[in-house]
Structure formats: structure tokens, C-alpha cells
file target-v4.cif (mmCIF, C-alpha atoms)
data_structure
#
loop_
_atom_site.label_atom_id
_atom_site.label_comp_id
_atom_site.auth_asym_id
_atom_site.auth_seq_id
_atom_site.Cartn_x
_atom_site.Cartn_y
_atom_site.Cartn_z
CA MET A 44 -44.03 35.07 3.96
CA THR A 45 -45.75 32.86 6.52
CA ASN A 46 -43.33 33.97 9.22
CA GLU A 47 -43.98 37.63 8.38
CA PHE A 48 -47.73 37.04 8.33
CA PHE A 49 -47.79 35.45 11.80
CA ALA A 50 -45.41 38.07 13.23
CA SER A 51 -47.45 40.99 11.86
CA ASN A 52 -50.52 39.62 13.63
CA GLY A 53 -48.84 39.28 17.02
CA PHE A 54 -47.53 35.69 16.78
CA PRO A 55 -43.79 35.97 16.07
CA CYS A 56 -41.81 32.75 15.93
CA PRO A 57 -39.24 32.45 18.76
CA SER A 58 -35.66 32.35 17.52
CA LEU A 59 -34.96 28.80 18.73
CA ARG A 60 -38.21 27.18 17.63
CA ASN A 61 -39.01 25.36 14.41
CA PRO A 62 -41.34 27.68 12.44
CA SER A 63 -43.72 24.89 11.39
CA ASP A 64 -44.02 23.77 15.02
CA HIS A 65 -44.77 27.35 16.03
CA TYR A 66 -47.56 27.67 13.43
CA LEU A 67 -49.13 24.42 14.59
CA ARG A 68 -48.99 25.37 18.26
CA THR A 69 -50.68 28.66 17.39
CA ILE A 70 -53.65 27.28 15.44
CA ASN A 71 -54.06 23.68 16.68
CA LYS A 72 -56.43 23.27 19.59
CA ASP A 73 -54.77 19.99 20.58
CA PHE A 74 -51.91 22.01 22.08
CA GLU A 75 -54.15 24.35 24.05
CA GLN A 76 -53.90 22.28 27.24
CA ASP A 77 -50.14 21.72 26.92
CA ILE A 78 -48.74 22.04 30.43
CA GLU A 79 -45.42 23.20 29.06
CA GLU A 80 -47.03 26.23 27.47
CA ASP A 81 -46.99 29.28 29.72
CA LEU A 82 -49.12 32.36 29.47
CA GLU A 83 -46.28 34.58 28.27
CA SER A 84 -45.60 32.56 25.12
CA LYS A 85 -49.31 32.10 24.33
CA PRO A 86 -51.29 34.90 25.95
CA ILE A 87 -54.56 34.24 24.09
CA SER A 88 -56.60 31.14 23.31
CA THR A 89 -56.27 29.14 20.09
CA SER A 90 -59.76 30.12 18.93
CA GLU A 91 -58.91 33.82 19.29
CA ALA A 92 -55.65 33.33 17.43
CA ILE A 93 -57.47 31.58 14.59
CA ASP A 94 -60.04 34.41 14.33
CA ILE A 95 -57.28 37.02 14.18
CA LEU A 96 -55.35 35.17 11.48
CA VAL A 97 -58.45 34.42 9.37
CA LYS A 98 -59.62 38.03 9.43
CA SER A 99 -56.13 39.28 8.64
CA TYR A 100 -55.78 36.87 5.73
CA ARG A 101 -59.12 37.81 4.20
CA SER A 102 -58.07 41.45 4.06
CA SER A 103 -54.53 40.71 2.80
CA ALA A 104 -53.10 41.06 -0.70
CA THR A 105 -52.38 37.34 -0.78
CA SER A 106 -56.07 36.53 -0.39
CA GLN A 107 -56.93 38.84 -3.27
CA GLN A 108 -54.31 37.19 -5.48
CA VAL A 109 -55.67 33.71 -4.68
CA ALA A 110 -59.24 34.85 -5.43
CA GLN A 111 -58.08 36.23 -8.77
CA GLN A 112 -56.32 32.97 -9.64
CA ILE A 113 -59.43 30.96 -8.74
CA ALA A 114 -61.53 33.20 -10.97
CA GLU A 115 -59.14 32.70 -13.88
CA ILE A 116 -59.26 28.93 -13.41
CA ARG A 117 -63.07 28.99 -13.38
CA ASP A 118 -63.10 31.00 -16.61
CA MET A 119 -61.12 28.20 -18.28
CA GLY A 120 -64.06 25.84 -17.76
CA GLY A 121 -64.00 22.23 -16.66
CA ASP A 122 -64.62 20.50 -19.99
CA VAL A 123 -60.98 19.67 -20.62
CA VAL A 124 -60.59 17.97 -17.26
CA LYS A 125 -63.94 16.19 -17.38
CA LYS A 126 -63.36 14.76 -20.87
CA ARG A 127 -59.84 13.54 -20.18
CA ASN A 128 -59.80 9.77 -20.46
CA GLN A 129 -57.72 7.30 -18.49
CA ALA A 130 -54.82 5.62 -20.25
CA SER A 131 -55.81 2.71 -22.46
CA PHE A 132 -55.60 -0.90 -21.31
CA MET A 133 -52.57 -1.51 -23.52
CA THR A 134 -50.76 1.60 -22.26
CA GLN A 135 -51.41 0.66 -18.63
CA SER A 136 -50.11 -2.86 -19.26
CA LEU A 137 -46.93 -1.64 -20.98
CA VAL A 138 -46.16 0.99 -18.34
CA LEU A 139 -46.75 -1.39 -15.44
CA THR A 140 -44.72 -4.14 -17.13
CA GLY A 141 -41.78 -1.80 -17.65
CA ARG A 142 -41.96 -0.50 -14.09
CA SER A 143 -42.12 -3.98 -12.57
CA PHE A 144 -39.30 -5.25 -14.79
CA VAL A 145 -37.02 -2.37 -13.75
CA ASN A 146 -37.88 -2.79 -10.06
CA MET A 147 -37.08 -6.50 -10.22
CA TYR A 148 -33.84 -5.80 -12.08
CA ARG A 149 -32.67 -3.27 -9.51
CA ASP A 150 -33.70 -5.26 -6.43
CA LEU A 151 -30.88 -7.75 -5.97
CA GLY A 152 -32.85 -9.76 -3.45
CA TYR A 153 -35.86 -10.31 -5.68
CA TYR A 154 -34.49 -12.61 -8.42
CA TRP A 155 -30.70 -12.24 -8.63
CA LEU A 156 -30.12 -13.63 -5.13
CA ARG A 157 -32.62 -16.39 -5.81
CA CYS A 158 -30.80 -17.26 -9.01
CA ALA A 159 -27.49 -17.49 -7.13
CA ILE A 160 -29.05 -19.73 -4.48
CA TYR A 161 -30.61 -21.92 -7.17
CA ILE A 162 -27.22 -22.31 -8.86
CA ALA A 163 -25.55 -23.24 -5.57
CA LEU A 164 -28.32 -25.71 -4.72
CA CYS A 165 -28.24 -27.31 -8.17
CA LEU A 166 -24.47 -27.67 -7.91
CA CYS A 167 -25.02 -29.52 -4.63
CA VAL A 168 -27.66 -31.82 -6.12
CA GLY A 169 -25.67 -32.31 -9.31
CA THR A 170 -22.53 -33.37 -7.46
CA ILE A 171 -24.42 -35.58 -4.99
CA TYR A 172 -26.20 -37.40 -7.84
CA HIS A 173 -23.33 -37.01 -10.32
CA ASP A 174 -23.64 -39.35 -13.29
CA VAL A 175 -26.12 -41.77 -11.73
CA GLY A 176 -25.98 -43.87 -14.89
CA HIS A 177 -28.61 -46.34 -16.06
CA SER A 178 -28.25 -49.25 -13.68
CA PHE A 179 -31.15 -50.73 -11.77
CA GLY A 180 -30.16 -48.72 -8.68
CA SER A 181 -30.19 -45.48 -10.66
CA ILE A 182 -33.97 -45.76 -11.04
CA HIS A 183 -34.59 -44.87 -7.40
CA LEU A 184 -31.85 -42.22 -7.44
CA GLY A 185 -33.30 -40.58 -10.53
CA CYS A 186 -36.79 -40.57 -9.04
CA SER A 187 -35.54 -38.95 -5.83
CA MET A 188 -33.56 -36.29 -7.68
CA LEU A 189 -36.45 -35.41 -9.98
CA MET A 190 -38.85 -35.23 -7.02
CA PHE A 191 -36.46 -32.85 -5.28
CA THR A 192 -36.42 -30.69 -8.42
CA ALA A 193 -40.21 -30.66 -8.70
CA ALA A 194 -40.79 -30.05 -5.00
CA PHE A 195 -38.00 -28.10 -3.33
CA LEU A 196 -36.70 -26.02 -6.22
CA THR A 197 -40.22 -24.76 -6.90
CA PHE A 198 -40.85 -24.46 -3.16
CA MET A 199 -38.20 -21.74 -3.01
CA ALA A 200 -40.27 -19.65 -5.42
CA ILE A 201 -42.29 -18.46 -2.41
CA GLY A 202 -39.50 -15.88 -2.13
CA GLY A 203 -41.31 -14.07 -4.92
CA PHE A 204 -44.00 -12.93 -2.48
CA PRO A 205 -45.05 -9.66 -4.14
CA SER A 206 -44.58 -6.74 -1.78
CA PHE A 207 -46.29 -4.13 -3.93
CA ILE A 208 -48.33 -0.95 -3.65
CA PHE A 209 -51.06 -2.48 -5.81
CA GLY A 210 -53.81 -2.01 -3.22
CA ARG A 211 -53.31 1.72 -2.88
CA GLU A 212 -52.97 2.38 -6.60
CA ARG A 213 -56.04 0.28 -7.37
CA LEU A 214 -58.13 2.17 -4.81
CA ASN A 215 -56.95 5.43 -6.38
CA GLY A 216 -58.34 4.23 -9.71
CA HIS A 217 -55.04 4.08 -11.58
CA TYR A 218 -55.56 0.55 -12.94
CA GLY A 219 -57.46 -2.66 -12.28
CA VAL A 220 -56.67 -6.20 -11.21
CA THR A 221 -56.49 -7.59 -14.75
CA VAL A 222 -53.90 -5.04 -15.89
CA PHE A 223 -51.73 -5.64 -12.84
CA THR A 224 -51.90 -9.42 -13.24
CA ILE A 225 -50.90 -9.28 -16.92
CA ALA A 226 -48.09 -6.79 -16.26
CA ASN A 227 -46.69 -8.72 -13.31
CA THR A 228 -46.79 -11.98 -15.28
CA LEU A 229 -44.97 -10.48 -18.27
CA SER A 230 -42.32 -8.85 -16.10
CA VAL A 231 -41.46 -11.99 -14.10
CA THR A 232 -41.34 -14.29 -17.13
CA PRO A 233 -37.76 -13.46 -18.28
CA TYR A 234 -36.36 -13.88 -14.75
CA LEU A 235 -38.11 -17.19 -14.15
CA ALA A 236 -36.99 -18.44 -17.57
CA LEU A 237 -33.40 -17.55 -16.66
CA ILE A 238 -33.71 -19.34 -13.31
CA SER A 239 -35.16 -22.39 -15.05
CA VAL A 240 -32.54 -22.68 -17.78
CA ILE A 241 -29.22 -21.96 -16.02
CA PRO A 242 -29.66 -23.92 -12.74
CA GLY A 243 -31.71 -26.48 -14.68
CA ALA A 244 -28.82 -27.11 -17.08
CA ILE A 245 -26.40 -27.53 -14.17
CA ILE A 246 -28.49 -30.17 -12.44
CA TYR A 247 -29.57 -31.87 -15.68
CA TYR A 248 -26.13 -32.48 -17.16
CA LEU A 249 -24.26 -33.11 -13.92
CA VAL A 250 -26.70 -35.88 -13.01
CA GLY A 251 -26.52 -37.29 -16.51
CA LEU A 252 -30.16 -37.40 -17.53
CA GLN A 253 -31.13 -38.10 -21.13
CA ARG A 254 -28.68 -36.09 -23.21
CA SER A 255 -30.79 -35.02 -26.17
CA ILE A 256 -31.54 -31.31 -26.33
CA ASP A 257 -35.30 -31.81 -26.71
CA HIS A 258 -35.40 -33.69 -23.40
CA PHE A 259 -33.56 -30.83 -21.68
CA ILE A 260 -35.86 -28.21 -23.21
CA TYR A 261 -38.87 -30.13 -21.94
CA PHE A 262 -37.26 -30.44 -18.50
CA ALA A 263 -36.63 -26.68 -18.35
CA LEU A 264 -40.17 -25.91 -19.54
CA VAL A 265 -41.75 -28.05 -16.83
CA LEU A 266 -39.55 -26.39 -14.20
CA PHE A 267 -40.45 -22.95 -15.62
CA MET A 268 -44.20 -23.67 -15.53
CA CYS A 269 -43.98 -24.88 -11.93
CA MET A 270 -42.28 -21.63 -10.91
CA MET A 271 -44.84 -19.57 -12.79
CA LEU A 272 -47.59 -21.44 -10.98
CA VAL A 273 -46.02 -20.78 -7.58
CA GLU A 274 -45.60 -17.09 -8.46
CA GLY A 275 -49.32 -16.94 -9.25
CA LEU A 276 -50.14 -18.81 -6.06
CA MET A 277 -48.13 -16.32 -4.00
CA MET A 278 -49.90 -13.41 -5.69
CA ILE A 279 -53.23 -14.86 -4.60
CA VAL A 280 -51.90 -15.37 -1.07
CA ALA A 281 -50.56 -11.81 -1.02
CA ASN A 282 -54.03 -10.41 -1.72
CA ILE A 283 -55.59 -12.52 1.03
CA VAL A 284 -52.74 -12.28 3.59
CA PRO A 285 -50.94 -8.99 2.84
CA ASP A 286 -48.49 -9.32 5.74
CA PHE A 287 -45.13 -10.48 4.33
CA LEU A 288 -44.17 -12.98 7.03
CA MET A 289 -47.66 -14.46 7.38
CA GLY A 290 -47.95 -14.64 3.59
CA ILE A 291 -44.69 -16.59 3.28
CA ILE A 292 -45.83 -19.01 6.00
CA THR A 293 -49.23 -19.47 4.35
CA GLY A 294 -47.73 -20.09 0.92
CA ALA A 295 -45.25 -22.59 2.37
CA GLY A 296 -48.06 -24.45 4.12
CA ILE A 297 -50.14 -24.70 0.96
CA GLN A 298 -47.18 -26.04 -1.00
CA GLY A 299 -46.33 -28.48 1.79
CA VAL A 300 -49.81 -30.01 1.57
CA MET A 301 -49.52 -30.24 -2.21
CA MET A 302 -46.09 -31.83 -1.94
CA LEU A 303 -47.38 -34.60 0.34
CA ASN A 304 -50.08 -35.47 -2.20
CA GLY A 305 -47.89 -35.32 -5.30
CA GLY A 306 -47.59 -39.08 -5.66
CA PHE A 307 -44.01 -39.55 -4.42
CA PHE A 308 -44.21 -39.98 -0.67
CA ARG A 309 -47.22 -42.23 -1.15
CA LEU A 310 -48.24 -43.73 -4.47
CA PRO A 311 -51.54 -42.41 -5.83
CA ASN A 312 -53.40 -45.69 -5.27
CA ASP A 313 -52.23 -45.78 -1.64
CA LEU A 314 -53.53 -42.31 -0.76
CA PRO A 315 -56.73 -42.21 1.34
CA LYS A 316 -59.45 -41.59 -1.19
CA LEU A 317 -61.37 -39.05 0.88
CA VAL A 318 -59.74 -35.61 0.76
CA TRP A 319 -56.19 -36.73 -0.07
CA ARG A 320 -56.86 -38.63 -3.31
CA TYR A 321 -60.00 -36.75 -4.22
CA PRO A 322 -59.53 -33.85 -4.71
CA MET A 323 -56.09 -32.93 -3.25
CA TYR A 324 -54.04 -35.29 -5.42
CA TYR A 325 -55.52 -33.72 -8.56
CA ILE A 326 -55.18 -30.16 -7.25
CA ALA A 327 -51.49 -30.51 -6.32
CA PHE A 328 -49.31 -29.36 -9.20
CA HIS A 329 -46.55 -31.72 -8.00
CA LYS A 330 -48.61 -34.62 -9.41
CA TYR A 331 -48.25 -33.22 -12.92
CA ALA A 332 -44.65 -32.08 -12.45
CA ASN A 333 -43.55 -35.51 -11.20
CA GLN A 334 -45.35 -37.26 -14.05
CA GLU A 335 -43.77 -35.06 -16.70
CA PHE A 336 -40.26 -35.28 -15.23
CA TYR A 337 -40.50 -39.08 -14.95
CA LYS A 338 -41.92 -39.54 -18.43
CA ASN A 339 -39.29 -37.24 -19.89
CA GLU A 340 -36.50 -39.26 -18.27
CA PHE A 341 -37.63 -42.91 -18.30
CA LEU A 342 -39.63 -43.36 -21.52
CA GLY A 343 -37.49 -45.02 -24.15
CA LEU A 344 -34.85 -46.35 -21.72
CA ILE A 345 -34.10 -49.97 -20.81
CA PHE A 346 -32.55 -50.88 -17.44
CA PRO A 347 -31.00 -54.14 -16.28
CA ASN A 348 -33.28 -55.92 -13.81
CA THR A 349 -31.52 -57.30 -10.73
CA GLN A 350 -34.69 -58.48 -9.01
CA ALA A 351 -34.79 -62.24 -8.46
CA GLY A 352 -37.18 -64.13 -10.69
CA GLY A 353 -37.80 -61.21 -12.99
CA PRO A 354 -36.94 -60.60 -16.64
CA PRO A 355 -33.35 -59.60 -17.42
CA THR A 356 -34.36 -56.07 -18.37
CA ILE A 357 -37.04 -53.58 -17.42
CA THR A 358 -38.30 -50.78 -19.64
CA GLY A 359 -38.96 -47.21 -18.65
CA ASP A 360 -42.64 -47.64 -19.47
CA GLU A 361 -42.89 -50.51 -16.98
CA ILE A 362 -41.17 -48.40 -14.32
CA LEU A 363 -43.69 -45.60 -14.79
CA ARG A 364 -46.69 -47.90 -14.66
CA GLU A 365 -45.66 -50.29 -11.89
CA THR A 366 -43.06 -48.55 -9.74
#

call {"tool": "encode", "arguments": {"input": "target-v4.cif", "output": "C-alpha cells"}}
result
Amino acid sequence: MTNEFFASNGFPCPSLRNPSDHYLRTINKDFEQDIEEDLESKPISTSEAIDILVKSYRSSATSQQVAQQIAEIRDMGGDVVKKRNQASFMTQSLVLTGRSFVNMYRDLGYYWLRCAIYIALCLCVGTIYHDVGHSFGSIHLGCSMLMFTAAFLTFMAIGGFPSFIFGRERLNGHYGVTVFTIANTLSVTPYLALISVIPGAIIYYLVGLQRSIDHFIYFALVLFMCMMLVEGLMMIVANIVPDFLMGIITGAGIQGVMMLNGGFFRLPNDLPKLVWRYPMYYIAFHKYANQEFYKNEFLGLIFPNTQAGGPPTITGDEILRET
């Protein structure tokens, strides 16, 4: 119908030209100075062409039909539209949670690839530290392995940098920040729990940490909470630095600073008190992760003491307090 309308008013579309391009060239003043346009193909100015088309449309049957449809819509009144309420908070949360969960399930690179990399990495750590035992030398090995778990396994969670369309949908008024945060948290929880339990079990039992199931559950919970914290951290970074590459770099830098102040590379009492001890040491989540991993592993154990002049044994409580 558009092609017939333009042709009937003296603007037929050439046989080898895209019709939509032809319509634009006819009515868009940006093309009026096009040096490729000759006088034969466009004998009149764009303004004249627009006037001809507008006048023709106003007197056409199509214009009358549109006017009739508009009148019918006006007769319906606007009360139904004006009184329509937005979806409830609960409905928004459920819909967004389901959508995010499905997107994460379908995107192999979001959590499934991360889970595979975690399994491979935990196999490496588990075989390197395989069955460290409970000798005096195993104390240092266990501390190093647990620090690696608290620092580098959670460090990889920066891969969960949320590349979402949240900003656009929020500006369009579809939902708010609180709904999105709740939905995103609920949708990532099952995946992070899976990543915490399966790779966590591999590293836990290959290394030979305390065998009781309650110790393993606590180990997996601490690892899970660390990953949840990093996911939340990356969501904050994503809102401040929306660029994917810059966001990943920023998140890695923040975690690197936290890692340095977690109490492993330098003991808490040795950290410079200004800035690094207060407040960074208490802000860094690695401080709490290291403490919980160490307490979970060493409390209740007794190790032979090979240090000269010392007692024959050393307890886990003494290791935590003094070493």
C-alpha cells in the first residue's frame, strides 16, 4: 500500500532500489544535498514532496479509517488504562527470579564453565596436597591450602560480573533496585551452592581434612558465603563501572587489596595499624574466611611438636592463637 501511495503521487520506487530506502530519500531532508542524486530521479525538493504526500494522505481513505479508529478508541475512555496497576512486588520478584535462573542455566559460560574450572582446579589442589596428614609439617601445608581456598577460589567468582539490561528496564519503570537484587540473589544461590559443594568435596577429602560430615558442611558453607559476598561485590561494581572489562579489573583489584589484608601474608598484629589494620583488615572478608577455615580444621586436633625445647605436642588451639 505504501508503494502504491508513493507511486500515485508521482514518486514511484525504481525497480532496483530498496522501497524503504526510496521512501526515506523522498521525505528526509538529510538526503537533499546528496551529490549522487540527480535531477531526473528527484525533480522536486524534499519539502515539496512532503507537502504533496501530506495533502494526499489527508484526503485518502486510509486517513479516514485511522480517524475513525481513533474516535472509537476515545469513546472507550481512559479509565481502564489509568487504573491498571503495576505487578505486585512478589510477582515481580518471582518473574525476575525465574528469568534470571533460566538465563543462567542456558548460558554455559555463566556458571557451568566456572563449575568445570573449579572442579579441575580443586583436583589440582587436592592432588598436590593429597593426604597431608597430621604431622607438624602438615600445619603449614594445611594453612596454605585453606588460604588458597579462601582467596583464589573465591577470587574466580568475579566471573559472575552481571551483564544485564537492568539499567534500561529500571528506567522504563518495570521494577526497582530492591526487586532486582532479591531476584538475582535467589537465582544465583542454587548455582553457587552447587559450586561450593562439588568442588569443595573434592578438595576437602583429597587433602584429608577432618573427616566428620559436620566439619565438611561448615567448610562448604563458608566457601558458599564467600562466593555470595563476591557476587554481591561484583553487582555493586557493575552499577558503578558498567563496562565489562573495566568492571572485572576493578573487582579483581578490590579483592586483591582484601586478600593482602586477610591475615595470611602478614599476621594481623604485624600489619601497619593506619589504613591496613584499621579499617582494611576488618573490612576484608578473607579475615573471616581464614579464621573460620582454620578453626574448623585445627580445633580439637593435637600435633606432634618437633621444635627444639618445646612440649612434645601442640594443640590446634595453640596453633590458632600463636601461629

call {"tool": "closest_residue", "arguments": {"input": "target-v4.cif", "among": "A:Met44, A:Ala263, A:Leu237, A:Cys186", "to": "Thr105 in chain A", "atoms": "only C-alpha atoms"}}
result
A:Met44

call {"tool": "atom_distance", "arguments": {"input": "target-v4.cif", "atom1": "CA of Thr356 in chain A", "atom2": "CA of Glu340 in chain A"}}
result
16.9 Å

call {"tool": "resolve_selection", "arguments": {"input": "target-v4.cif", "expression": "the PyMOL selection byres ((chain A and resi 142-151) around 9)", "output": "list in words"}}
result
Leu137, Val138, Leu139, Thr140, Gly141, Gly152, Tyr153, Tyr154, Trp155, Leu156, Arg157, Ala226, Asn227, Leu229, Ser230, Val231 and Tyr234 of chain A

call {"tool": "residues_around", "arguments": {"input": "target-v4.cif", "residues": "Thr228 in chain A", "least_positions_apart": "4", "cutoff": "9 Å", "atoms": "all atoms listed in the file", "output": "PyMOL selection string"}}
result
chain A and resi 140+223-224+232+271+274-275

call {"tool": "write_last_selection", "arguments": {"input": "target-v4.cif", "atoms": "C-alpha atoms", "output": "PDB file, in the coordinates of the input"}}
result
ATOM      1  CA  THR A 140     -44.720  -4.140 -17.130  1.00  0.00           C
ATOM      2  CA  PHE A 223     -51.730  -5.640 -12.840  1.00  0.00           C
ATOM      3  CA  THR A 224     -51.900  -9.420 -13.240  1.00  0.00           C
ATOM      4  CA  THR A 232     -41.340 -14.290 -17.130  1.00  0.00           C
ATOM      5  CA  MET A 271     -44.840 -19.570 -12.790  1.00  0.00           C
ATOM      6  CA  GLU A 274     -45.600 -17.090  -8.460  1.00  0.00           C
ATOM      7  CA  GLY A 275     -49.320 -16.940  -9.250  1.00  0.00           C
TER       8      GLY A 275
END

call {"tool": "residues_around", "arguments": {"input": "target-v4.cif", "residues": "Arg309 in chain A", "least_positions_apart": "5", "cutoff": "12 Å", "atoms": "only C-alpha atoms", "output": "PyMOL selection string"}}
result
chain A and resi 302-304+314-315+319-320+324+330+366

call {"tool": "resolve_selection", "arguments": {"input": "target-v4.cif", "expression": "the PyMOL selection byres ((chain A and resi 262) around 12)", "output": "MDAnalysis selection string"}}
result
chainID A and resid 189 192:193 239:244 246:248 252:261 263:269 332:340

call {"tool": "atom_distance", "arguments": {"input": "target-v4.cif", "atom1": "CA of Ile291 in chain A", "atom2": "CA of Cys165 in chain A"}}
result
22.7 Å

call {"tool": "residues_around", "arguments": {"input": "target-v4.cif", "residues": "range 174-178 of chain A", "least_positions_apart": "4", "cutoff": "12 Å", "atoms": "only C-alpha atoms", "output": "count of residues only"}}
result
31

call {"tool": "closest_residue", "arguments": {"input": "target-v4.cif", "among": "A:Gly353, A:His217, A:Leu310, A:His329", "to": "Ser131 in chain A", "atoms": "all atoms listed in the file"}}
result
A:His217
